[in-house]
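Below is work_32.txt, holding compact mmCIF, C-alpha atoms.
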```
# COMPACT_ATOMS: atom_id res chain seq x y z
CA MET A 412 -9.63 5.67 20.13
CA LEU A 413 -7.41 2.82 19.08
CA GLY A 414 -5.21 3.32 22.12
CA SER A 415 -7.38 0.65 23.69
CA LEU A 416 -6.34 -1.73 20.92
CA PRO A 417 -2.54 -1.73 21.08
CA THR A 418 -2.07 -4.59 18.59
CA PHE A 419 -4.24 -2.90 15.99
CA ALA A 420 -2.54 0.47 16.50
CA ARG A 421 0.85 -1.23 16.24
CA LEU A 422 -0.01 -2.84 12.90
CA GLU A 423 -1.20 0.53 11.60
CA ALA A 424 2.06 2.12 12.72
CA GLU A 425 4.16 -0.58 11.04
CA LEU A 426 2.17 -0.36 7.80
CA SER A 427 2.43 3.41 7.68
CA LYS A 428 6.24 3.10 7.64
CA LEU A 429 5.99 1.70 4.10
CA PRO A 430 6.57 4.14 1.23
CA GLY A 431 3.43 5.72 -0.16
CA ILE A 432 1.29 4.45 2.71
CA GLY A 433 -0.05 7.17 5.00
CA ASN A 434 -2.15 6.85 8.12
CA LYS A 435 -5.46 6.53 6.27
CA THR A 436 -4.20 3.81 3.92
CA ALA A 437 -2.56 2.00 6.82
CA ALA A 438 -5.90 1.98 8.66
CA ARG A 439 -7.70 0.72 5.56
CA LEU A 440 -5.15 -2.07 5.08
CA ALA A 441 -5.30 -3.03 8.75
CA PHE A 442 -9.11 -3.27 8.62
CA HIS A 443 -8.84 -5.32 5.46
CA LEU A 444 -6.36 -7.68 7.12
CA LEU A 445 -8.69 -8.05 10.07
CA ARG A 446 -11.36 -9.38 7.73
CA THR A 447 -9.22 -11.66 5.59
CA SER A 448 -8.75 -15.27 6.57
CA GLU A 449 -6.14 -16.06 9.19
CA GLN A 450 -4.45 -18.20 6.57
CA ASP A 451 -3.97 -15.25 4.21
CA VAL A 452 -2.49 -13.09 6.98
CA PHE A 453 -0.12 -15.91 7.90
CA ALA A 454 0.83 -16.28 4.23
CA LEU A 455 1.70 -12.58 4.02
CA ALA A 456 3.71 -12.60 7.26
CA ASP A 457 5.53 -15.74 6.17
CA ALA A 458 6.27 -14.31 2.72
CA LEU A 459 7.75 -11.23 4.39
CA LEU A 460 9.99 -13.22 6.69
CA GLU A 461 11.07 -15.71 4.05
CA MET A 462 11.89 -12.99 1.53
CA ARG A 463 13.95 -11.07 4.05
CA ARG A 464 15.78 -14.22 5.10
CA LYS A 465 16.51 -15.61 1.66
CA VAL A 466 16.84 -12.72 -0.76
CA CYS A 467 20.20 -11.00 -0.86
CA PHE A 468 22.25 -9.20 -3.49
CA CYS A 469 24.43 -10.96 -6.07
CA ARG A 470 28.08 -10.85 -5.05
CA ARG A 471 29.10 -9.95 -8.62
CA CYS A 472 26.45 -7.66 -10.13
CA PHE A 473 24.38 -6.69 -7.04
CA HIS A 474 21.08 -7.71 -8.58
CA ILE A 475 18.71 -9.45 -6.16
CA ALA A 476 19.51 -13.13 -5.71
CA GLU A 477 18.76 -16.10 -3.53
CA GLU A 478 22.24 -17.55 -3.93
CA GLU A 479 25.69 -16.03 -3.97
CA LEU A 480 25.31 -15.24 -7.68
CA CYS A 481 22.06 -14.14 -9.33
CA HIS A 482 20.45 -16.16 -12.11
CA ILE A 483 21.90 -13.83 -14.77
CA CYS A 484 25.48 -14.13 -13.53
CA ARG A 485 25.02 -17.92 -13.42
CA ASP A 486 23.74 -18.00 -17.02
CA GLY A 487 26.44 -19.45 -19.28
CA ASN A 488 24.71 -18.29 -22.48
CA ARG A 489 25.18 -14.56 -21.90
CA GLU A 490 27.65 -12.41 -23.83
CA ARG A 491 30.55 -11.88 -21.47
CA GLN A 492 31.90 -8.90 -23.41
CA ARG A 493 28.89 -6.66 -22.71
CA LEU A 494 28.09 -5.01 -19.39
CA CYS A 495 25.01 -2.87 -18.79
CA VAL A 496 25.12 -0.46 -15.83
CA VAL A 497 21.77 0.33 -14.21
CA GLN A 498 20.72 2.22 -11.08
CA GLU A 499 18.35 -0.29 -9.48
CA PRO A 500 17.32 -3.95 -9.78
CA GLN A 501 13.97 -2.72 -11.12
CA ASP A 502 15.78 -1.08 -14.06
CA LEU A 503 17.54 -4.35 -14.82
CA LEU A 504 14.16 -6.10 -14.83
CA ALA A 505 12.79 -3.50 -17.28
CA ILE A 506 15.65 -4.22 -19.70
CA GLU A 507 15.21 -7.97 -19.27
CA ARG A 508 11.49 -7.62 -20.06
CA SER A 509 12.43 -5.88 -23.31
CA ARG A 510 14.32 -9.04 -24.43
CA SER A 511 16.74 -6.81 -26.28
CA TYR A 512 19.95 -7.50 -24.36
CA ASN A 513 21.88 -10.64 -23.63
CA GLY A 514 24.93 -9.46 -21.71
CA PHE A 515 25.63 -9.05 -18.02
CA TYR A 516 24.64 -6.23 -15.69
CA HIS A 517 25.99 -4.14 -12.86
CA VAL A 518 23.51 -2.59 -10.44
CA LEU A 519 24.79 0.64 -8.83
CA HIS A 520 22.02 0.85 -6.21
CA GLY A 521 21.47 4.54 -6.73
CA ALA A 522 22.86 7.50 -8.63
CA LEU A 523 25.32 10.24 -7.74
CA SER A 524 23.58 13.02 -5.87
CA PRO A 525 25.96 15.39 -4.07
CA LEU A 526 23.05 17.32 -2.57
CA ASP A 527 21.84 14.15 -0.83
CA GLY A 528 25.40 13.23 0.10
CA VAL A 529 25.57 10.28 -2.32
CA GLY A 530 29.08 9.99 -3.74
CA PRO A 531 30.79 7.28 -5.86
CA ASP A 532 31.73 5.19 -2.83
CA ASP A 533 28.09 5.02 -1.72
CA LEU A 534 27.27 3.26 -4.99
CA LYS A 535 28.68 0.01 -6.35
CA ILE A 536 31.20 1.96 -8.48
CA PRO A 537 34.39 0.63 -6.82
CA GLN A 538 33.04 -2.91 -7.35
CA LEU A 539 32.33 -2.05 -11.00
CA MET A 540 35.91 -0.89 -11.55
CA GLU A 541 37.16 -4.09 -9.96
CA ARG A 542 35.00 -6.18 -12.28
CA LEU A 543 36.42 -4.40 -15.30
CA GLU A 544 39.90 -5.51 -14.22
CA GLN A 545 38.84 -9.14 -14.05
CA GLU A 546 36.25 -9.61 -16.80
CA PRO A 547 36.69 -9.49 -20.59
CA VAL A 548 34.31 -6.55 -21.03
CA GLU A 549 34.42 -4.74 -24.37
CA GLU A 550 31.25 -2.66 -24.33
CA ILE A 551 29.76 -0.80 -21.37
CA ILE A 552 26.16 0.31 -21.80
CA LEU A 553 25.25 3.16 -19.50
CA ALA A 554 21.58 2.62 -18.66
CA THR A 555 21.21 4.96 -15.70
CA ASN A 556 17.99 6.95 -15.71
CA PHE A 557 17.49 10.05 -17.84
CA THR A 558 17.21 12.28 -14.79
CA VAL A 559 19.70 14.86 -13.55
CA GLU A 560 21.26 12.31 -11.17
CA GLY A 561 21.24 9.50 -13.73
CA GLU A 562 22.84 11.67 -16.40
CA ALA A 563 25.49 12.91 -13.95
CA THR A 564 26.29 9.32 -13.00
CA ALA A 565 26.59 8.32 -16.67
CA LEU A 566 28.96 11.25 -17.31
CA TYR A 567 31.03 10.42 -14.25
CA LEU A 568 31.35 6.77 -15.26
CA ALA A 569 32.24 7.69 -18.86
CA GLU A 570 35.10 9.80 -17.48
CA LEU A 571 36.32 6.91 -15.33
CA PHE A 572 36.33 4.53 -18.31
CA LYS A 573 38.43 6.85 -20.47
CA GLY A 574 41.70 5.33 -21.56
CA LYS A 575 40.59 1.80 -20.68
CA GLY A 576 39.92 0.92 -24.33
CA LEU A 577 36.23 0.27 -23.61
CA HIS A 578 33.40 0.97 -26.00
CA VAL A 579 31.09 3.11 -23.86
CA THR A 580 27.48 3.51 -25.06
CA ARG A 581 24.35 5.10 -23.61
CA LEU A 582 20.72 4.01 -24.10
CA ALA A 583 19.08 6.00 -26.92
CA HIS A 584 17.35 9.13 -25.73
CA GLY A 585 14.29 10.20 -27.72
CA ILE A 586 10.58 9.96 -28.35
CA PRO A 587 8.95 6.91 -26.67
CA SER A 588 6.87 4.46 -28.69
CA GLY A 589 3.22 5.30 -29.19
CA SER A 590 3.60 8.95 -28.34
CA ASP A 591 2.52 12.11 -30.03
CA LEU A 592 5.25 14.73 -30.68
CA GLU A 593 2.82 17.44 -29.64
CA TYR A 594 2.79 16.23 -26.05
CA ILE A 595 6.47 15.41 -25.60
CA ASP A 596 8.53 17.75 -23.42
CA VAL A 597 10.96 20.17 -25.10
CA GLY A 598 14.09 18.49 -23.72
CA THR A 599 13.18 15.12 -25.19
CA VAL A 600 12.35 16.62 -28.60
CA GLN A 601 15.69 18.45 -28.58
CA GLN A 602 17.51 15.20 -27.82
CA ALA A 603 15.53 13.34 -30.47
CA VAL A 604 16.38 15.94 -33.15
CA THR A 605 20.04 16.16 -32.15
CA GLY A 606 20.37 12.38 -32.03
CA ARG A 607 18.44 11.68 -35.27
CA ARG A 608 19.52 8.61 -37.24
CA GLU A 609 19.69 7.50 -40.89
CA PHE A 610 16.34 6.09 -42.00
CA MET Y 1370 12.41 -12.57 -14.65
CA LEU Y 1371 11.57 -12.97 -10.99
CA GLY Y 1372 10.62 -16.59 -11.56
CA SER Y 1373 14.18 -17.30 -10.52
CA LEU Y 1374 13.46 -15.65 -7.18
CA PRO Y 1375 10.43 -17.53 -5.85
CA THR Y 1376 10.48 -15.91 -2.41
CA PHE Y 1377 10.54 -12.42 -3.87
CA ALA Y 1378 7.78 -13.22 -6.37
CA ARG Y 1379 5.73 -14.76 -3.58
CA LEU Y 1380 5.96 -11.64 -1.44
CA GLU Y 1381 4.92 -9.53 -4.43
CA ALA Y 1382 1.93 -11.81 -5.01
CA GLU Y 1383 0.87 -11.62 -1.35
CA LEU Y 1384 1.22 -7.83 -1.24
CA SER Y 1385 -0.77 -7.38 -4.44
CA LYS Y 1386 -3.72 -9.15 -2.78
CA LEU Y 1387 -4.15 -6.08 -0.54
CA PRO Y 1388 -6.79 -3.53 -1.57
CA GLY Y 1389 -5.46 -0.66 -3.68
CA ILE Y 1390 -2.10 -2.36 -4.21
CA GLY Y 1391 -1.45 -3.40 -7.79
CA ASN Y 1392 1.52 -5.24 -9.25
CA LYS Y 1393 3.69 -2.13 -9.58
CA THR Y 1394 3.08 -0.97 -6.01
CA ALA Y 1395 3.62 -4.50 -4.72
CA ALA Y 1396 7.01 -4.59 -6.48
CA ARG Y 1397 7.93 -1.20 -5.07
CA LEU Y 1398 6.97 -2.29 -1.54
CA ALA Y 1399 8.86 -5.56 -1.90
CA PHE Y 1400 12.01 -3.73 -3.02
CA HIS Y 1401 11.60 -1.33 -0.13
CA LEU Y 1402 11.26 -4.21 2.32
CA LEU Y 1403 14.38 -5.78 0.88
CA ARG Y 1404 16.33 -2.67 1.85
CA THR Y 1405 14.88 -2.06 5.30
CA SER Y 1406 16.49 -3.60 8.33
CA GLU Y 1407 15.68 -7.19 9.15
CA GLN Y 1408 14.36 -5.92 12.47
CA ASP Y 1409 11.76 -3.71 10.77
CA VAL Y 1410 10.55 -6.55 8.54
CA PHE Y 1411 10.25 -8.80 11.58
CA ALA Y 1412 8.32 -6.06 13.39
CA LEU Y 1413 5.85 -5.80 10.51
CA ALA Y 1414 5.39 -9.57 10.24
CA ASP Y 1415 4.96 -9.84 14.00
CA ALA Y 1416 2.45 -6.97 14.10
CA LEU Y 1417 0.45 -8.74 11.39
CA LEU Y 1418 0.37 -12.03 13.23
CA GLU Y 1419 -0.32 -10.51 16.64
CA MET Y 1420 -3.14 -8.34 15.33
CA ARG Y 1421 -4.78 -11.28 13.58
CA ARG Y 1422 -4.43 -13.43 16.68
CA LYS Y 1423 -5.63 -10.90 19.25
CA VAL Y 1424 -8.09 -8.59 17.57
CA CYS Y 1425 -11.64 -9.85 17.29
CA PHE Y 1426 -15.09 -8.27 17.25
CA CYS Y 1427 -16.98 -7.22 20.37
CA ARG Y 1428 -19.64 -9.78 21.27
CA ARG Y 1429 -22.16 -7.02 21.95
CA CYS Y 1430 -21.60 -4.17 19.46
CA PHE Y 1431 -19.23 -5.83 16.90
CA HIS Y 1432 -16.65 -3.06 17.09
CA ILE Y 1433 -13.06 -4.31 17.05
CA ALA Y 1434 -11.87 -5.53 20.42
CA GLU Y 1435 -9.10 -7.46 22.11
CA GLU Y 1436 -11.40 -8.87 24.76
CA GLU Y 1437 -14.92 -10.25 24.64
CA LEU Y 1438 -16.32 -6.72 24.96
CA CYS Y 1439 -14.78 -3.64 23.34
CA HIS Y 1440 -13.57 -0.69 25.42
CA ILE Y 1441 -16.77 1.26 24.68
CA CYS Y 1442 -19.09 -1.52 25.85
CA ARG Y 1443 -16.95 -1.87 28.98
CA ASP Y 1444 -17.20 1.87 29.71
CA GLY Y 1445 -19.57 2.46 32.65
CA ASN Y 1446 -19.84 6.20 31.99
CA ARG Y 1447 -21.72 5.91 28.70
CA GLU Y 1448 -25.41 6.72 28.27
CA ARG Y 1449 -27.14 3.36 28.10
CA GLN Y 1450 -30.29 4.80 26.56
CA ARG Y 1451 -28.63 5.84 23.28
CA LEU Y 1452 -27.49 3.49 20.53
CA CYS Y 1453 -25.77 4.65 17.35
CA VAL Y 1454 -25.88 2.28 14.36
CA VAL Y 1455 -22.91 2.51 11.97
CA GLN Y 1456 -21.78 0.48 8.97
CA GLU Y 1457 -18.13 -0.12 9.84
CA PRO Y 1458 -15.74 0.18 12.82
CA GLN Y 1459 -14.07 3.05 10.94
CA ASP Y 1460 -17.38 4.99 11.03
CA LEU Y 1461 -17.58 4.45 14.78
CA LEU Y 1462 -14.05 5.82 15.11
CA ALA Y 1463 -15.02 8.91 13.10
CA ILE Y 1464 -17.89 9.62 15.49
CA GLU Y 1465 -15.66 9.01 18.52
CA ARG Y 1466 -13.11 11.46 17.10
CA SER Y 1467 -15.85 14.09 16.92
CA ARG Y 1468 -16.35 13.80 20.73
CA SER Y 1469 -20.02 14.60 20.19
CA TYR Y 1470 -21.59 11.33 21.34
CA ASN Y 1471 -21.46 9.45 24.58
CA GLY Y 1472 -23.77 6.48 24.05
CA PHE Y 1473 -23.17 2.95 22.81
CA TYR Y 1474 -22.81 1.71 19.24
CA HIS Y 1475 -23.81 -1.16 17.00
CA VAL Y 1476 -21.62 -1.95 14.00
CA LEU Y 1477 -23.54 -3.56 11.14
CA HIS Y 1478 -20.44 -4.58 9.15
CA GLY Y 1479 -21.86 -3.42 5.85
CA ALA Y 1480 -25.02 -2.05 4.32
CA LEU Y 1481 -27.92 -3.64 2.52
CA SER Y 1482 -27.10 -4.16 -1.13
CA PRO Y 1483 -29.45 -6.56 -2.92
CA LEU Y 1484 -27.40 -6.30 -6.13
CA ASP Y 1485 -24.37 -7.64 -4.29
CA GLY Y 1486 -26.48 -10.22 -2.50
CA VAL Y 1487 -26.17 -8.52 0.90
CA GLY Y 1488 -29.41 -8.94 2.85
CA PRO Y 1489 -30.34 -8.18 6.50
CA ASP Y 1490 -29.03 -11.53 7.74
CA ASP Y 1491 -25.60 -10.82 6.25
CA LEU Y 1492 -25.34 -7.79 8.50
CA LYS Y 1493 -25.51 -7.64 12.32
CA ILE Y 1494 -29.21 -6.70 12.12
CA PRO Y 1495 -30.60 -9.78 13.95
CA GLN Y 1496 -28.09 -9.12 16.74
CA LEU Y 1497 -29.23 -5.48 16.85
CA MET Y 1498 -32.87 -6.52 17.28
CA GLU Y 1499 -31.84 -8.90 20.05
CA ARG Y 1500 -29.98 -6.09 21.86
CA LEU Y 1501 -33.07 -3.88 21.70
CA GLU Y 1502 -34.97 -6.59 23.60
CA GLN Y 1503 -32.40 -6.65 26.37
CA GLU Y 1504 -31.09 -3.10 26.68
CA PRO Y 1505 -32.88 0.03 27.92
CA VAL Y 1506 -32.45 1.87 24.60
CA GLU Y 1507 -34.60 4.97 24.08
CA GLU Y 1508 -32.96 6.64 21.09
CA ILE Y 1509 -31.51 4.95 18.03
CA ILE Y 1510 -29.26 7.14 15.89
CA LEU Y 1511 -28.96 5.87 12.33
CA ALA Y 1512 -25.44 6.77 11.25
CA THR Y 1513 -25.12 4.62 8.14
CA ASN Y 1514 -23.41 6.36 5.24
CA PHE Y 1515 -25.20 8.83 2.99
CA THR Y 1516 -24.87 6.55 -0.03
CA VAL Y 1517 -27.61 4.60 -1.78
CA GLU Y 1518 -26.83 1.49 0.29
CA GLY Y 1519 -26.47 3.41 3.55
CA GLU Y 1520 -29.76 5.28 3.02
CA ALA Y 1521 -31.57 2.06 2.12
CA THR Y 1522 -30.23 0.42 5.27
CA ALA Y 1523 -31.37 3.38 7.39
CA LEU Y 1524 -34.86 3.18 5.84
CA TYR Y 1525 -35.03 -0.57 6.37
CA LEU Y 1526 -34.00 -0.25 10.02
CA ALA Y 1527 -36.47 2.60 10.64
CA GLU Y 1528 -39.24 0.31 9.37
CA LEU Y 1529 -38.11 -2.48 11.70
CA PHE Y 1530 -38.14 -0.16 14.70
CA LYS Y 1531 -41.70 1.05 14.09
CA GLY Y 1532 -44.04 0.31 16.94
CA LYS Y 1533 -41.23 -0.37 19.37
CA GLY Y 1534 -41.60 3.03 21.03
CA LEU Y 1535 -38.06 4.04 20.06
CA HIS Y 1536 -36.96 7.54 19.18
CA VAL Y 1537 -35.26 6.99 15.80
CA THR Y 1538 -32.95 9.75 14.53
CA ARG Y 1539 -30.62 10.12 11.58
CA LEU Y 1540 -27.36 12.11 11.39
CA ALA Y 1541 -27.94 15.56 9.91
CA HIS Y 1542 -27.54 15.70 6.16
CA GLY Y 1543 -26.26 19.00 4.75
CA ILE Y 1544 -23.38 21.23 3.81
CA PRO Y 1545 -20.07 20.16 5.41
CA SER Y 1546 -17.99 22.63 7.46
CA GLY Y 1547 -15.60 24.87 5.57
CA SER Y 1548 -17.25 24.36 2.23
CA ASP Y 1549 -18.44 26.70 -0.46
CA LEU Y 1550 -22.07 26.29 -1.59
CA GLU Y 1551 -20.95 26.82 -5.17
CA TYR Y 1552 -19.06 23.53 -5.19
CA ILE Y 1553 -21.50 21.33 -3.29
CA ASP Y 1554 -23.46 18.75 -5.28
CA VAL Y 1555 -27.14 19.38 -6.04
CA GLY Y 1556 -28.42 16.51 -3.85
CA THR Y 1557 -26.67 17.84 -0.76
CA VAL Y 1558 -27.92 21.39 -1.34
CA GLN Y 1559 -31.47 20.06 -1.77
CA GLN Y 1560 -31.17 18.17 1.52
CA ALA Y 1561 -29.72 21.22 3.26
CA VAL Y 1562 -32.57 23.45 2.08
CA THR Y 1563 -35.26 20.91 2.91
CA GLY Y 1564 -33.75 20.22 6.31
CA ARG Y 1565 -33.07 23.89 7.22
CA ARG Y 1566 -33.23 24.79 10.91
CA GLU Y 1567 -34.24 27.79 13.05
CA PHE Y 1568 -31.29 30.16 13.45
```

Represent the structure of the file as structure tokens.
Amino acid sequence: MLGSLPTFARLEAELSKLPGIGNKTAARLAFHLLRTSEQDVFALADALLEMRRKVCFCRRCFHIAEEELCHICRDGNRERQRLCVVQEPQDLLAIERSRSYNGFYHVLHGALSPLDGVGPDDLKIPQLMERLEQEPVEEIILATNFTVEGEATALYLAELFKGKGLHVTRLAHGIPSGSDLEYIDVGTVQQAVTGRREF
Amino acid sequence: MLGSLPTFARLEAELSKLPGIGNKTAARLAFHLLRTSEQDVFALADALLEMRRKVCFCRRCFHIAEEELCHICRDGNRERQRLCVVQEPQDLLAIERSRSYNGFYHVLHGALSPLDGVGPDDLKIPQLMERLEQEPVEEIILATNFTVEGEATALYLAELFKGKGLHVTRLAHGIPSGSDLEYIDVGTVQQAVTGRREF
């Protein structure tokens, strides 16, 4: 039906390549874009191109950046002795939003997952080890996700850091704020009981 | 946090203008686009621009088109005496997919909705009346949606057509294929009983 409209079909095909966007959503978005002002469509296309051209990854911590170093690595007021290791830039942003940390970061860009063929060299682990040689890091905070892959990555890194005289910590694992014990999964309750603290 | 990355924040803002895409999804899409090849991002941006530049609405039936007339209006093998009135181009495509109709169409681009300030002149109703003057239409099939607005639009159009000697029909209203009576809403069952046919 849309074979007679190659440009429309092509936009649908390109949109449906995006994660979480199937054929139906792609069609809905394409029809929406057909109705929005030309100016808005140009703004979106331009934003896409400009982002792809300008945004890269920080040479030091691999967070997203528009210059060689990201704004965190360029910040002179951060504690140089702390390094927080996260899986993705989004995780870094979540910690920044919490305003609870003022050190530097290292973004691994993934987690170890042997089943998917992701080993240490597919992540930014060699670059992390290199940084530890050059920077005055005292504490490493392992902030990988609390999933099987994230936990395995944290364990692997903790092994690597052994004997380097580093203080290795992990984000606290327990009951999230605002939640009801009744509805929390067994694993989290176990961790919260095992890891209980002085009140 | 992303204030330091204006191009990234701008792409997120543009993406979150799309229907059904909130801030979180926009961020996820933007991060995805950051990781896809430059070529793919260019392809998406180009598809957007090309679609917006080339796709317009058919001068006669208001379906989407790349020329003055859409491929249906240009098709000489269609029955000129039948005209099917739909709300949106997507509805037309649904009927085409059913391969059950071989006449022409008229896309209203909406339905009457006084609460939202949508009156007959906001839809392609004047253009429809004009077509009826010029084309040898014998049957008008009202295929607006079976919603309050769609039904009101169908009623309004049926009133307009009175006295014009047209055969006005409406898509059958009843139980959809593959469904279990037990789970069908009361209104649909009522319509199916009232509109029962000889077996």

Q: Compile the residues of chain Y that lie within 6 Å of chain A, evaluated using all atoms listed in the file, and express the compilation as a PyMOL selection string.
A: chain Y and resi 1376-1377+1380+1383+1413-1414+1416+1420

Restricting the output to C-alpha atoms, write the selected residues as a PDB file, in the frame of the given file.
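Just written: result01.pdb:
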```
ATOM      1  CA  THR Y1376      10.480 -15.910  -2.410  1.00  0.00           C
ATOM      2  CA  PHE Y1377      10.540 -12.420  -3.870  1.00  0.00           C
ATOM      3  CA  LEU Y1380       5.960 -11.640  -1.440  1.00  0.00           C
ATOM      4  CA  GLU Y1383       0.870 -11.620  -1.350  1.00  0.00           C
ATOM      5  CA  LEU Y1413       5.850  -5.800  10.510  1.00  0.00           C
ATOM      6  CA  ALA Y1414       5.390  -9.570  10.240  1.00  0.00           C
ATOM      7  CA  ALA Y1416       2.450  -6.970  14.100  1.00  0.00           C
ATOM      8  CA  MET Y1420      -3.140  -8.340  15.330  1.00  0.00           C
TER       9      MET Y1420
END
```

Q.
Give me the residues near Cys495 in chain A as a ChimeraX atom specification, where near means some atom within 6 Å (using only C-alpha atoms) and where sequence neighbours in that chain fewer than 3 positions away do not count.
A. /A:516,551-552

Q: Fewer than 5 positions away in the same chain doesn't count, so skip those; otherwise give me all residues within 8 Å of Glu560 in chain A, counting only C-alpha atoms, as number ranges by chain.
A: A: 522-524

Which polymer residues have any atom within 10 Å of an atom of range 562-575 of chain A, counting all atoms listed in the file, with same-chain residues fewer than 5 positions away left out, as a compact mmCIF listing (two decimals) with C-alpha atoms, in the frame of the given file?
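Once everything was written out, this is selection.txt:
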```txt
# COMPACT_ATOMS: atom_id res chain seq x y z
CA VAL A 496 25.12 -0.46 -15.83
CA VAL A 497 21.77 0.33 -14.21
CA GLN A 498 20.72 2.22 -11.08
CA LEU A 519 24.79 0.64 -8.83
CA GLY A 521 21.47 4.54 -6.73
CA ALA A 522 22.86 7.50 -8.63
CA LEU A 523 25.32 10.24 -7.74
CA SER A 524 23.58 13.02 -5.87
CA GLY A 530 29.08 9.99 -3.74
CA PRO A 531 30.79 7.28 -5.86
CA ILE A 536 31.20 1.96 -8.48
CA LEU A 539 32.33 -2.05 -11.00
CA MET A 540 35.91 -0.89 -11.55
CA LEU A 543 36.42 -4.40 -15.30
CA GLU A 544 39.90 -5.51 -14.22
CA GLU A 549 34.42 -4.74 -24.37
CA ILE A 551 29.76 -0.80 -21.37
CA ILE A 552 26.16 0.31 -21.80
CA LEU A 553 25.25 3.16 -19.50
CA ALA A 554 21.58 2.62 -18.66
CA THR A 555 21.21 4.96 -15.70
CA ASN A 556 17.99 6.95 -15.71
CA PHE A 557 17.49 10.05 -17.84
CA THR A 580 27.48 3.51 -25.06
CA ARG A 581 24.35 5.10 -23.61
```

Q) CA of Ala603 in chain A to CA of Gly514 in chain A: how many Å, to one decimal? A)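 Between CA of Ala603 in chain A and CA of Gly514 in chain A the gap is 26.2 Å.
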
Q) Residues at most 9 Å from Leu480 in chain A, counting only C-alpha atoms, excluding those fewer than 5 positions away in the same chain, as JSON, numbers by chain? A) {"A": [468, 469, 470, 471, 472, 473, 474, 475, 485]}

Q: For Gly1556 in chain Y, please output as a list of chain:residue names all residues within 12 Å (counting all atoms listed in the file; exclusion window: fewer than 5 positions along the same chain).
A: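 Answer for this query is Y:Phe1515, Y:Thr1516, Y:His1542, Y:Gly1543, Y:Ile1544, Y:Leu1550, Y:Ala1561, Y:Val1562, Y:Thr1563.
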
Q) Of the candidates A:Lys435, A:Arg607, A:Gln492, A:Ser427, which one gets nearest to Gln545 in chain A if we count only C-alpha atoms? A)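 Closest to Gln545 in chain A of all the choices is A:Gln492.
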
Could you work out an axis-aligned bounding box for all listed atoms of range 545-551 of chain A, with 5 Å added on each of the six sides, and give its centre and edge lengths in Å to one decimal, as AutoDock Vina command-line options?
```
--center_x 34.3 --center_y -5.2 --center_z -19.2 --size_x 19.1 --size_y 18.8 --size_z 20.3
```
